[in-house]
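Trainee: Pasting a structure below so you can have a look.
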Amino acid sequence: MSHDGVTLRAVMRSVALLTAGVLAVPALAGCGSDDEAGKPLAGQDIAPAGRAQVADGGTLVWAVDAVPETLNTFQADADAATATVAQAVLPSLFRLNESGRPVINPDYLESAEVVETEPRQVVLYKLNQQAVWSDGRELGAADFAAQWRALSGKDSAYWTARNDGYDRIERIERGGSNLEVKVTFSRPYADWRSLFSPLYPKEIMGTPDSFNDGARTKLKVTAGPFTLEKVDKKKNEVVLVRSARWWGEPAKLAKIVLRAVPLEERAEALAAGTVDLAGIDAATARLIDLAGQPKSTSTPGTGAAVPADRQALARYEVRKSLEPAYTQLALNGAGGPLADERVRRAVARALDRKELAEVVLEPLGLPAQPVGSHLALSGQEAYADNSGALGGQDTKEAQALLADAGWVRGGPLKEQKKEKAAGPEGKSASPESGEPAGEDDGTYIVGEDGKAGEDSEGRDHRDPGEGAGQDRAQEGRDHEEDPRNLAQDGKQHVQQGGGAQGAYAPKGTAAPGAAAGPLAKDGKPLTLRFVLPSGPGSGTLHRVADRISRMLQRVGITTETKKVSEESYFKDHIANGEYDLALYSWPASAFPATDARPIYAKPVPAADGSLSIEQNYTRVGTDQVDQLFDQAVGTLDAEESRDLVRKADSRIWAAAGSIPLYQRPQLTAARKNLANIGSFGFETPVYQDMGFLKKPKKSAKPTTEG
């Protein structure tokens with residue numbers, strides 16, 4: 001579960017410039033009454049309870065994707081579990097609130113503010129006087145300076161994944177006392193609040209050896225409500241224990257065990273009672289909901305009761321919110337038809353984004369609103385719906401754009417050599433089983449075969465109840481989109497969640513609009529390669545890809561959907577540009593000017609002649625967007641910076657390299673007696689408040705005398 005700023009930054013900013021997912025805009029200040037940010041579409045769902053109601057002690061077993069390869073969040077192979085450990089055991093100077101905005105963490109800071117702007121920006125941190133490392137030493141300037149030197153990019157001996165922000169620091173020194181740290185910048189940096197979260201001790205950051213190797217499996221010195229006891233690769237566990245040196249409210253739990261449990265095995269683990277908390281897919285969520293109902297209840301749309309070996313799921317409940325991440329349709333503008341901006345815009349104008357959001361979120365009872373920004377989500381300061389820069393769904397406008405680009409119906413076609421789907425061992429993929437199919441089962445091209453129940457415009461004429469029932473029944477059988485799958489740069493690959501199998505339909509049915517012939521230009525049909533990952537979690541993206549393909553079919557665009565293995569999806573296809581259309585997700589960041597720039601920066605030729613794309617896997621960028629990001633991160637006027645970020649987003653929309661679709665669902669199975677934990681939404685978890693509710697006292701039985 002990625003749920004807060006630390007996780008997102010660890011998950012976004014890994015290699016290239018970021019790790020698994022972060023997108024340099026200034027620290028955004030409070031917004032005025034005319035602000036467009038709005039409110040989060042969904043709040044957190046964590047079963048809140050006062051500390052007095054939570055028992056002292058107990059062990060929480062928390063399912064994670066994998067035991068982290070490193071405990072250093074600034075290394076390229078850091079992942080979400082790395083960030084979870086860091087949140088529990090290390091200082092974060094700023095936390096994210098319920099709207100995804102950074103606020104001071106009082107456990108570590110009394111204050112932090114810009115005290116000078118000329119001739120240099122100076123930030124003064126005043127530390128909590130009780131804040132100490134687990135060895136008894138006070139947090140201080142030496143720790144800040146060691147982290148700056150390690151991450152500044154000036155010493156190549158440090159194997160860092162990123163240095164944004166740290167490379168703008170000129171010097172760090174002690175302030176008026178040991179509790180004050182004075183940071184002077186060589187250039188203005190609006191996102192200074194993004195720095196030193198997490199903060200590692202100088203013992204880790206002080207030398208290349210300790211940075212590169214020392215913190216991969218051990219953290220000898222910590223400063224949080226928990227401390228690291230061990231990383232047990234044999235048991236696939238990380239064990240955190242209550243810290244005796246913690247100065248704040250003591251942790252309620254005695255121990256947290258982060259246990260590696262693959263997504264597809266979590267229903268079984270929950271039924272067996274071996275985990276207390278787990279991020280889950282929609283199918284597992286439905287089983288849990290059903291297990292808590294009377295035994296006569298059946299699964300809606302299927303008539304199937306909960307299997308006997310799943311009845312134990314009744315001791316859990318589903319806590320749901322929206323993840324601070326969104327799924328997008330990526331359009332590769334490096335070559336082929338999509339190199340033409342008019343074709344990209346036509347694809348975008350063909351999409352009904354509201355319908356796509358409803359497909360994913362309505363069955364879960366979550367707000368089904370399309371995302372209106374590439375750079376923030378509703379509630380965050382930088383958020384504004386800038387989709388108007390591109391325009392909404394308009395079939396006629398999409399067709400006009402295609403015609404203007406030279407794509408016309410009924411033109412002569414040269415014979416095209418058919419390729420097989422890029423499935424395992426080059427075999428075509430079966431839409432039902434996900435396994436390689438026989439030779440007769442070729443890659444399905446939407447637009448060449450029709451879809452039953454649609455007319456020549458692609459409209460669905462099934463009875464509304466029938467269509468909804470079939471879709472929801474299918475949802476119950478499919479795996480939900482894997483919440484682990486956020487976009488990575490080419491080196492760190494969090495497995496892409498939800499590999500959609502593609503848009504399949506019965507062969508031999510009439511193609512909608514086939515009488516007029518496909519769109520063609522220079523003897524070639526307008527066919528786009530829709531590449532998607534396979535494997536567990538493919539159900540949601542399958543459905544979304546199918547809807548998108550049908551929407552494109554209505555304007556004359558055919559799609560050839562290929563399934564590829566999760567292992568090769570990002571590395572071999574997205575990062576290498578071997579696709580036309582793809583679905584993957586980006587986390588939202590509280591600091592979009594810094595974190596989003598590598599994702600939307602204009603590709604430039606590298607010294608070796610290759611194209612340097614950073615994390616811009618769509619290969620679509622403009623000089624103007626780059627300039628707006630540079631201006632946003634370099635001004636200390638919060639409102640100006642926010643407005644510049646929003647302008648950059650409008651230009652990104654207009655370029656139509658990627659189309660935000662919907663905020664991802666966040667589903668968590670939790671034991672019913674767990675408090676202050678679950679689906680956190682934007683807000684940073686408070687680890688010391690997590691725990692099991694106290695058992696209610698038994699009332700005394702009345703007695704009789706006489």
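Identifiers in the structure tokens: chain A, B, ... in order shown; residue index from 1 per chain; ligand index from 1 in order shown.
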Listing only residues of segment 62-124 of chain A within 9 Å of segment 231-254 of chain A, what is the closest atom pair and its distance in Å (to one decimal) for each, using only C-alpha atoms, sorted by chain and residue number ascending, as a tab-separated table?
Mentor:
```
residue	atom	partner	partner_atom	distance
A:Ala66	CA	A:Asn236	CA	7.5
A:Val67	CA	A:Asn236	CA	5.9
A:Pro68	CA	A:Val238	CA	8.5
A:Val85	CA	A:Leu240	CA	8.0
A:Ala88	CA	A:Leu240	CA	8.3
A:Val89	CA	A:Leu240	CA	8.2
A:Asp107	CA	A:Gly248	CA	6.5
```
Trainee: For all heavy atoms, I'd like the residues from the last selection saved as a PDB file, in the first residue's frame.
Mentor:
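Resulting contents of again-v7.pdb:
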```
ATOM      1  N   ALA A  66       7.064  -7.712  -0.902  1.00  0.00           N
ATOM      2  CA  ALA A  66       8.334  -8.432  -0.851  1.00  0.00           C
ATOM      3  C   ALA A  66       9.185  -7.865   0.275  1.00  0.00           C
ATOM      4  O   ALA A  66       8.985  -6.723   0.711  1.00  0.00           O
ATOM      5  CB  ALA A  66       9.084  -8.300  -2.183  1.00  0.00           C
ATOM      6  N   VAL A  67      10.106  -8.670   0.750  1.00  0.00           N
ATOM      7  CA  VAL A  67      11.102  -8.162   1.695  1.00  0.00           C
ATOM      8  C   VAL A  67      11.999  -7.195   0.931  1.00  0.00           C
ATOM      9  O   VAL A  67      12.483  -7.525  -0.158  1.00  0.00           O
ATOM     10  CB  VAL A  67      11.932  -9.319   2.287  1.00  0.00           C
ATOM     11  CG1 VAL A  67      13.101  -8.789   3.105  1.00  0.00           C
ATOM     12  CG2 VAL A  67      11.044 -10.207   3.149  1.00  0.00           C
ATOM     13  N   PRO A  68      12.210  -5.990   1.435  1.00  0.00           N
ATOM     14  CA  PRO A  68      12.977  -5.009   0.666  1.00  0.00           C
ATOM     15  C   PRO A  68      14.421  -5.442   0.430  1.00  0.00           C
ATOM     16  O   PRO A  68      15.050  -6.033   1.301  1.00  0.00           O
ATOM     17  CB  PRO A  68      12.911  -3.751   1.535  1.00  0.00           C
ATOM     18  CG  PRO A  68      12.596  -4.230   2.913  1.00  0.00           C
ATOM     19  CD  PRO A  68      11.753  -5.446   2.737  1.00  0.00           C
ATOM     20  N   VAL A  85       9.233   0.780   6.205  1.00  0.00           N
ATOM     21  CA  VAL A  85      10.199   0.673   7.307  1.00  0.00           C
ATOM     22  C   VAL A  85      10.700   2.057   7.693  1.00  0.00           C
ATOM     23  O   VAL A  85      10.765   2.416   8.882  1.00  0.00           O
ATOM     24  CB  VAL A  85      11.374  -0.245   6.916  1.00  0.00           C
ATOM     25  CG1 VAL A  85      12.453  -0.223   8.003  1.00  0.00           C
ATOM     26  CG2 VAL A  85      10.889  -1.667   6.676  1.00  0.00           C
ATOM     27  N   ALA A  88       8.402   4.132   9.856  1.00  0.00           N
ATOM     28  CA  ALA A  88       8.234   3.668  11.233  1.00  0.00           C
ATOM     29  C   ALA A  88       9.466   3.897  12.100  1.00  0.00           C
ATOM     30  O   ALA A  88       9.339   4.035  13.326  1.00  0.00           O
ATOM     31  CB  ALA A  88       7.877   2.181  11.236  1.00  0.00           C
ATOM     32  N   VAL A  89      10.655   3.964  11.489  1.00  0.00           N
ATOM     33  CA  VAL A  89      11.878   3.972  12.309  1.00  0.00           C
ATOM     34  C   VAL A  89      12.766   5.194  12.120  1.00  0.00           C
ATOM     35  O   VAL A  89      13.725   5.361  12.869  1.00  0.00           O
ATOM     36  CB  VAL A  89      12.707   2.693  12.055  1.00  0.00           C
ATOM     37  CG1 VAL A  89      11.863   1.444  12.216  1.00  0.00           C
ATOM     38  CG2 VAL A  89      13.378   2.710  10.687  1.00  0.00           C
ATOM     39  N   ASP A 107       6.924  15.757  16.068  1.00  0.00           N
ATOM     40  CA  ASP A 107       7.804  14.831  16.787  1.00  0.00           C
ATOM     41  C   ASP A 107       9.269  15.144  16.527  1.00  0.00           C
ATOM     42  O   ASP A 107      10.138  14.771  17.328  1.00  0.00           O
ATOM     43  CB  ASP A 107       7.505  13.388  16.388  1.00  0.00           C
ATOM     44  CG  ASP A 107       6.217  12.865  17.005  1.00  0.00           C
ATOM     45  OD1 ASP A 107       5.882  13.290  18.129  1.00  0.00           O
ATOM     46  OD2 ASP A 107       5.540  12.053  16.354  1.00  0.00           O
TER      47      ASP A 107
END
```
Trainee: Would you work out the distance separating atom CA of Pro533 of chain A from atom CA of Pro660 of chain A, expressed in Å to one decimal?
Mentor: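 Interatomic distance, atom CA of Pro533 of chain A to atom CA of Pro660 of chain A: 18.6 Å.
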Trainee: Counting only C-alpha atoms, what is within 10 Å of Gly43 of chain A, bar same-chain residues fewer than 4 positions away, as an MDAnalysis selection string?
Mentor: chainID A and resid 39 98:99 320:322 679:683
Trainee: With C-alpha atoms retained, could you export that selection as a short mmCIF file (atom, residue, chain, number, x, y, z; two decimals), in the first residue's frame?
Mentor:
```cif
data_model
loop_
_atom_site.label_atom_id
_atom_site.label_comp_id
_atom_site.auth_asym_id
_atom_site.auth_seq_id
_atom_site.Cartn_x
_atom_site.Cartn_y
_atom_site.Cartn_z
CA LYS A 39 -11.27 18.28 -1.61
CA GLU A 98 -5.53 14.37 4.62
CA SER A 99 -5.31 16.56 1.51
CA LYS A 320 -11.32 1.39 1.29
CA SER A 321 -10.22 4.73 -0.05
CA LEU A 322 -8.53 6.11 -3.15
CA SER A 679 -6.48 2.56 3.69
CA PHE A 680 -4.72 5.83 4.47
CA GLY A 681 -5.46 7.81 1.32
CA PHE A 682 -3.11 10.79 1.26
CA GLU A 683 -2.37 10.98 4.97
#
```
Trainee: Which polymer residues have any atom within 8 Å of an atom of segment 363-369 of chain A, counting only C-alpha atoms, with same-chain residues fewer than 2 positions away left out, as a list in words?
Mentor: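 Answer for this query is Leu41, Ala42, Ala282, Ser321, Leu322, Lys354, Ala357, Glu358, Val359, Val360, Leu361, Val371, Arg472, Tyr662, Gln663 and Pro665 of chain A.
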Trainee: Using 10 Å as the limit and counting only C-alpha atoms, can you tabulate each residue of segment 499-611 of chain A that touches segment 398-402 of chain A, with its shortest atom-to-atom distance in Å and the two atoms involved, as a tab-separated table?
Mentor:
```
residue	atom	partner	partner_atom	distance
A:Leu519	CA	A:Leu402	CA	8.7
A:Leu526	CA	A:Leu402	CA	9.7
A:Leu552	CA	A:Ala398	CA	9.4
A:Arg554	CA	A:Gln399	CA	9.2
A:Val555	CA	A:Gln399	CA	5.7
A:Gly556	CA	A:Gln399	CA	7.7
A:Ile557	CA	A:Leu402	CA	9.3
```
Trainee: Can you list, as a PyMOL selection string, every protein, DNA or RNA residue that comes within 9 Å of Asp649 of chain A when you count only C-alpha atoms, leaving out same-chain residues fewer than 5 positions away?
Mentor: chain A and resi 373-375+384+386-387+625+644+654
Trainee: Go ahead and write the residues just picked, all heavy atoms, as a PDB file, in the first residue's frame.
Mentor:
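File produced: result12.pdb:
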```pdb
ATOM      1  N   SER A 373      -5.811  16.254 -13.809  1.00  0.00           N
ATOM      2  CA  SER A 373      -4.456  16.798 -13.802  1.00  0.00           C
ATOM      3  C   SER A 373      -3.440  15.676 -13.887  1.00  0.00           C
ATOM      4  O   SER A 373      -3.664  14.577 -13.376  1.00  0.00           O
ATOM      5  CB  SER A 373      -4.213  17.605 -12.520  1.00  0.00           C
ATOM      6  OG  SER A 373      -2.853  17.977 -12.389  1.00  0.00           O
ATOM      7  N   HIS A 374      -2.314  15.959 -14.532  1.00  0.00           N
ATOM      8  CA  HIS A 374      -1.191  15.023 -14.550  1.00  0.00           C
ATOM      9  C   HIS A 374      -0.316  15.175 -13.297  1.00  0.00           C
ATOM     10  O   HIS A 374       0.487  14.287 -12.997  1.00  0.00           O
ATOM     11  CB  HIS A 374      -0.285  15.276 -15.757  1.00  0.00           C
ATOM     12  CG  HIS A 374      -0.940  15.070 -17.083  1.00  0.00           C
ATOM     13  ND1 HIS A 374      -1.795  15.992 -17.641  1.00  0.00           N
ATOM     14  CD2 HIS A 374      -0.839  14.044 -17.981  1.00  0.00           C
ATOM     15  CE1 HIS A 374      -2.206  15.550 -18.826  1.00  0.00           C
ATOM     16  NE2 HIS A 374      -1.650  14.379 -19.050  1.00  0.00           N
ATOM     17  N   LEU A 375      -0.428  16.302 -12.606  1.00  0.00           N
ATOM     18  CA  LEU A 375       0.563  16.687 -11.614  1.00  0.00           C
ATOM     19  C   LEU A 375       0.071  16.672 -10.176  1.00  0.00           C
ATOM     20  O   LEU A 375       0.870  16.836  -9.250  1.00  0.00           O
ATOM     21  CB  LEU A 375       1.100  18.089 -11.945  1.00  0.00           C
ATOM     22  CG  LEU A 375       1.628  18.257 -13.380  1.00  0.00           C
ATOM     23  CD1 LEU A 375       2.138  19.667 -13.591  1.00  0.00           C
ATOM     24  CD2 LEU A 375       2.713  17.235 -13.691  1.00  0.00           C
ATOM     25  N   ALA A 384      -5.852  21.253 -10.339  1.00  0.00           N
ATOM     26  CA  ALA A 384      -6.889  21.976 -11.065  1.00  0.00           C
ATOM     27  C   ALA A 384      -7.226  21.111 -12.268  1.00  0.00           C
ATOM     28  O   ALA A 384      -6.345  20.447 -12.829  1.00  0.00           O
ATOM     29  CB  ALA A 384      -6.416  23.357 -11.506  1.00  0.00           C
ATOM     30  N   ASN A 386      -7.430  20.678 -15.663  1.00  0.00           N
ATOM     31  CA  ASN A 386      -6.942  21.352 -16.865  1.00  0.00           C
ATOM     32  C   ASN A 386      -7.246  20.576 -18.141  1.00  0.00           C
ATOM     33  O   ASN A 386      -6.705  20.881 -19.203  1.00  0.00           O
ATOM     34  CB  ASN A 386      -5.428  21.574 -16.750  1.00  0.00           C
ATOM     35  CG  ASN A 386      -5.081  22.537 -15.627  1.00  0.00           C
ATOM     36  OD1 ASN A 386      -5.589  23.646 -15.565  1.00  0.00           O
ATOM     37  ND2 ASN A 386      -4.210  22.094 -14.723  1.00  0.00           N
ATOM     38  N   SER A 387      -8.127  19.581 -18.046  1.00  0.00           N
ATOM     39  CA  SER A 387      -8.408  18.751 -19.215  1.00  0.00           C
ATOM     40  C   SER A 387      -9.062  19.544 -20.343  1.00  0.00           C
ATOM     41  O   SER A 387      -9.041  19.116 -21.498  1.00  0.00           O
ATOM     42  CB  SER A 387      -9.312  17.572 -18.829  1.00  0.00           C
ATOM     43  OG  SER A 387     -10.547  18.034 -18.294  1.00  0.00           O
ATOM     44  N   VAL A 625       6.956  23.423 -21.512  1.00  0.00           N
ATOM     45  CA  VAL A 625       6.686  22.683 -20.276  1.00  0.00           C
ATOM     46  C   VAL A 625       7.933  22.660 -19.397  1.00  0.00           C
ATOM     47  O   VAL A 625       7.859  22.895 -18.181  1.00  0.00           O
ATOM     48  CB  VAL A 625       6.207  21.250 -20.595  1.00  0.00           C
ATOM     49  CG1 VAL A 625       6.197  20.391 -19.328  1.00  0.00           C
ATOM     50  CG2 VAL A 625       4.820  21.283 -21.226  1.00  0.00           C
ATOM     51  N   LEU A 644       2.245  28.231 -11.899  1.00  0.00           N
ATOM     52  CA  LEU A 644       3.140  27.765 -12.956  1.00  0.00           C
ATOM     53  C   LEU A 644       3.000  26.253 -13.172  1.00  0.00           C
ATOM     54  O   LEU A 644       3.037  25.767 -14.309  1.00  0.00           O
ATOM     55  CB  LEU A 644       4.584  28.121 -12.615  1.00  0.00           C
ATOM     56  CG  LEU A 644       4.936  29.611 -12.736  1.00  0.00           C
ATOM     57  CD1 LEU A 644       6.243  29.912 -12.014  1.00  0.00           C
ATOM     58  CD2 LEU A 644       5.038  30.017 -14.206  1.00  0.00           C
ATOM     59  N   ALA A 654      -2.457  19.538 -23.559  1.00  0.00           N
ATOM     60  CA  ALA A 654      -2.560  19.924 -24.968  1.00  0.00           C
ATOM     61  C   ALA A 654      -1.692  19.068 -25.872  1.00  0.00           C
ATOM     62  O   ALA A 654      -2.041  18.793 -27.026  1.00  0.00           O
ATOM     63  CB  ALA A 654      -2.196  21.400 -25.126  1.00  0.00           C
TER      64      ALA A 654
END
```
Trainee: For a quick check of understanding, using only C-alpha atoms, which of A:Asp643, A:Glu203, A:Asp608, A:Glu116 has the smallest distance to Arg137 of chain A?
Mentor: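 Checking each of A:Asp643, A:Glu203, A:Asp608, A:Glu116 against Arg137 of chain A, counting only C-alpha atoms, the winner is A:Glu203.
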Trainee: Hey, which of A:Tyr158, A:Trp192, A:Trp148, A:Tyr584 ends up closest to Ile172 of chain A? Count only C-alpha atoms.
Mentor: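 Checking each of A:Tyr158, A:Trp192, A:Trp148, A:Tyr584 against Ile172 of chain A, counting only C-alpha atoms, the winner is A:Trp148.
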Trainee: Could you tell me how far atom CA of Phe211 of chain A lies from atom CA of Arg95 of chain A, in Å and to one decimal?
Mentor: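 So the answer is 24.2 Å.
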Trainee: How many Å separate atom CA of Ala55 of chain A from atom CA of Pro696 of chain A?
Mentor: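 Here the two named atoms are 10.8 Å from each other.
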Trainee: How would you write, as a PyMOL selection string, the set of residues in segment 297-394 of chain A that DSSP gives as alpha helix (DSSP H)?
Mentor: chain A and resi 341-350+353-361
Trainee: Using N, CA, C and O atoms, can you export the residues from the last selection as a CSV table (one decimal), in the first residue's frame?
Mentor:
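Saved result, selection25.csv, follows:
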```csv
chain,number,residue,atom,x,y,z
A,341,GLU,N,0.6,14.9,-33.6
A,341,GLU,CA,-0.2,15.4,-32.5
A,341,GLU,C,-1.7,15.3,-32.7
A,341,GLU,O,-2.5,15.1,-31.8
A,342,ARG,N,-2.0,15.5,-34.0
A,342,ARG,CA,-3.5,15.4,-34.3
A,342,ARG,C,-4.0,14.0,-34.1
A,342,ARG,O,-5.2,13.9,-33.6
A,343,VAL,N,-3.3,13.0,-34.3
A,343,VAL,CA,-3.7,11.6,-34.0
A,343,VAL,C,-3.8,11.4,-32.5
A,343,VAL,O,-4.8,10.8,-32.0
A,344,ARG,N,-2.8,11.9,-31.8
A,344,ARG,CA,-2.9,11.7,-30.3
A,344,ARG,C,-4.1,12.5,-29.8
A,344,ARG,O,-4.8,11.9,-28.9
A,345,ARG,N,-4.4,13.6,-30.3
A,345,ARG,CA,-5.5,14.4,-29.8
A,345,ARG,C,-6.8,13.7,-30.2
A,345,ARG,O,-7.8,13.7,-29.4
A,346,ALA,N,-6.8,13.1,-31.3
A,346,ALA,CA,-8.0,12.3,-31.7
A,346,ALA,C,-8.3,11.1,-30.8
A,346,ALA,O,-9.4,10.8,-30.4
A,347,VAL,N,-7.2,10.4,-30.4
A,347,VAL,CA,-7.3,9.3,-29.5
A,347,VAL,C,-8.0,9.9,-28.2
A,347,VAL,O,-8.9,9.3,-27.6
A,348,ALA,N,-7.4,11.0,-27.7
A,348,ALA,CA,-7.9,11.6,-26.4
A,348,ALA,C,-9.4,12.0,-26.5
A,348,ALA,O,-10.2,11.7,-25.6
A,349,ARG,N,-9.8,12.6,-27.7
A,349,ARG,CA,-11.1,13.1,-27.8
A,349,ARG,C,-12.1,11.9,-28.0
A,349,ARG,O,-13.3,12.1,-27.9
A,350,ALA,N,-11.6,10.7,-28.4
A,350,ALA,CA,-12.5,9.6,-28.5
A,350,ALA,C,-12.9,9.0,-27.2
A,350,ALA,O,-13.8,8.2,-27.1
A,353,ARG,N,-13.8,9.5,-20.4
A,353,ARG,CA,-13.0,9.2,-19.2
A,353,ARG,C,-13.9,9.0,-18.0
A,353,ARG,O,-13.6,8.2,-17.1
A,354,LYS,N,-15.1,9.6,-18.0
A,354,LYS,CA,-16.0,9.3,-16.9
A,354,LYS,C,-16.5,7.9,-16.9
A,354,LYS,O,-16.5,7.2,-15.9
A,355,GLU,N,-16.7,7.4,-18.1
A,355,GLU,CA,-17.2,6.0,-18.2
A,355,GLU,C,-16.0,5.0,-17.8
A,355,GLU,O,-16.3,4.0,-17.1
A,356,LEU,N,-14.8,5.3,-18.1
A,356,LEU,CA,-13.7,4.5,-17.7
A,356,LEU,C,-13.5,4.5,-16.2
A,356,LEU,O,-13.2,3.5,-15.6
A,357,ALA,N,-13.7,5.7,-15.6
A,357,ALA,CA,-13.6,5.7,-14.1
A,357,ALA,C,-14.7,4.9,-13.5
A,357,ALA,O,-14.5,4.2,-12.5
A,358,GLU,N,-15.9,5.0,-14.1
A,358,GLU,CA,-17.0,4.2,-13.5
A,358,GLU,C,-16.8,2.7,-13.6
A,358,GLU,O,-17.2,2.0,-12.7
A,359,VAL,N,-16.2,2.3,-14.7
A,359,VAL,CA,-15.9,0.8,-14.8
A,359,VAL,C,-15.1,0.3,-13.7
A,359,VAL,O,-15.4,-0.8,-13.1
A,360,VAL,N,-14.2,1.1,-13.2
A,360,VAL,CA,-13.3,0.6,-12.1
A,360,VAL,C,-13.8,0.9,-10.7
A,360,VAL,O,-13.8,0.1,-9.8
A,361,LEU,N,-14.4,2.1,-10.5
A,361,LEU,CA,-14.6,2.5,-9.2
A,361,LEU,C,-16.1,2.4,-8.7
A,361,LEU,O,-16.3,2.2,-7.5
```
Trainee: Of the residues A:Ala607, A:Leu109, A:Ala330, A:Val123, which is the one nearest to Pro188 of chain A, using only C-alpha atoms?
Mentor: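 For Pro188 of chain A, the nearest of the candidates is A:Val123.
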Trainee: Mind checking which residues fall within 9 Å of segment 332-336 of chain A, counting only C-alpha atoms, ignoring those fewer than 4 positions away in the same chain, and posting them as a ChimeraX atom specification?
Mentor: /A:340-341,344,528,574,577-582,617-620,657-658
Trainee: Could you list, as a list in words, every residue within 6 Å of Ala223 of chain A, counting only C-alpha atoms and ignoring same-chain residues fewer than 6 positions away?
Mentor: Val89, Leu90, Trp133 and Ser134 of chain A
Trainee: Take the residues just selected and output them with C-alpha atoms as a PDB file, in the first residue's frame.
Mentor:
```pdb
ATOM      1  CA  VAL A  89      11.878   3.972  12.309  1.00  0.00           C
ATOM      2  CA  LEU A  90      13.346   7.192  10.869  1.00  0.00           C
ATOM      3  CA  TRP A 133      18.823   8.720  17.841  1.00  0.00           C
ATOM      4  CA  SER A 134      18.499   5.271  19.352  1.00  0.00           C
TER       5      SER A 134
END
```
Trainee: Ranking A:Ile46, A:Ala596, A:Val114, A:Leu329 by minimum distance to Met690 of chain A and counting only C-alpha atoms, which one comes first?
Mentor: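 Using only C-alpha atoms, the shortest distance to Met690 of chain A belongs to A:Ile46.
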Trainee: Looking at only C-alpha atoms, which of A:Ser610, A:Asn105, A:Asn212, A:Gln129 is the one that sits closest to Ala157 of chain A?
Mentor: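 Checking each of A:Ser610, A:Asn105, A:Asn212, A:Gln129 against Ala157 of chain A, counting only C-alpha atoms, the winner is A:Asn212.
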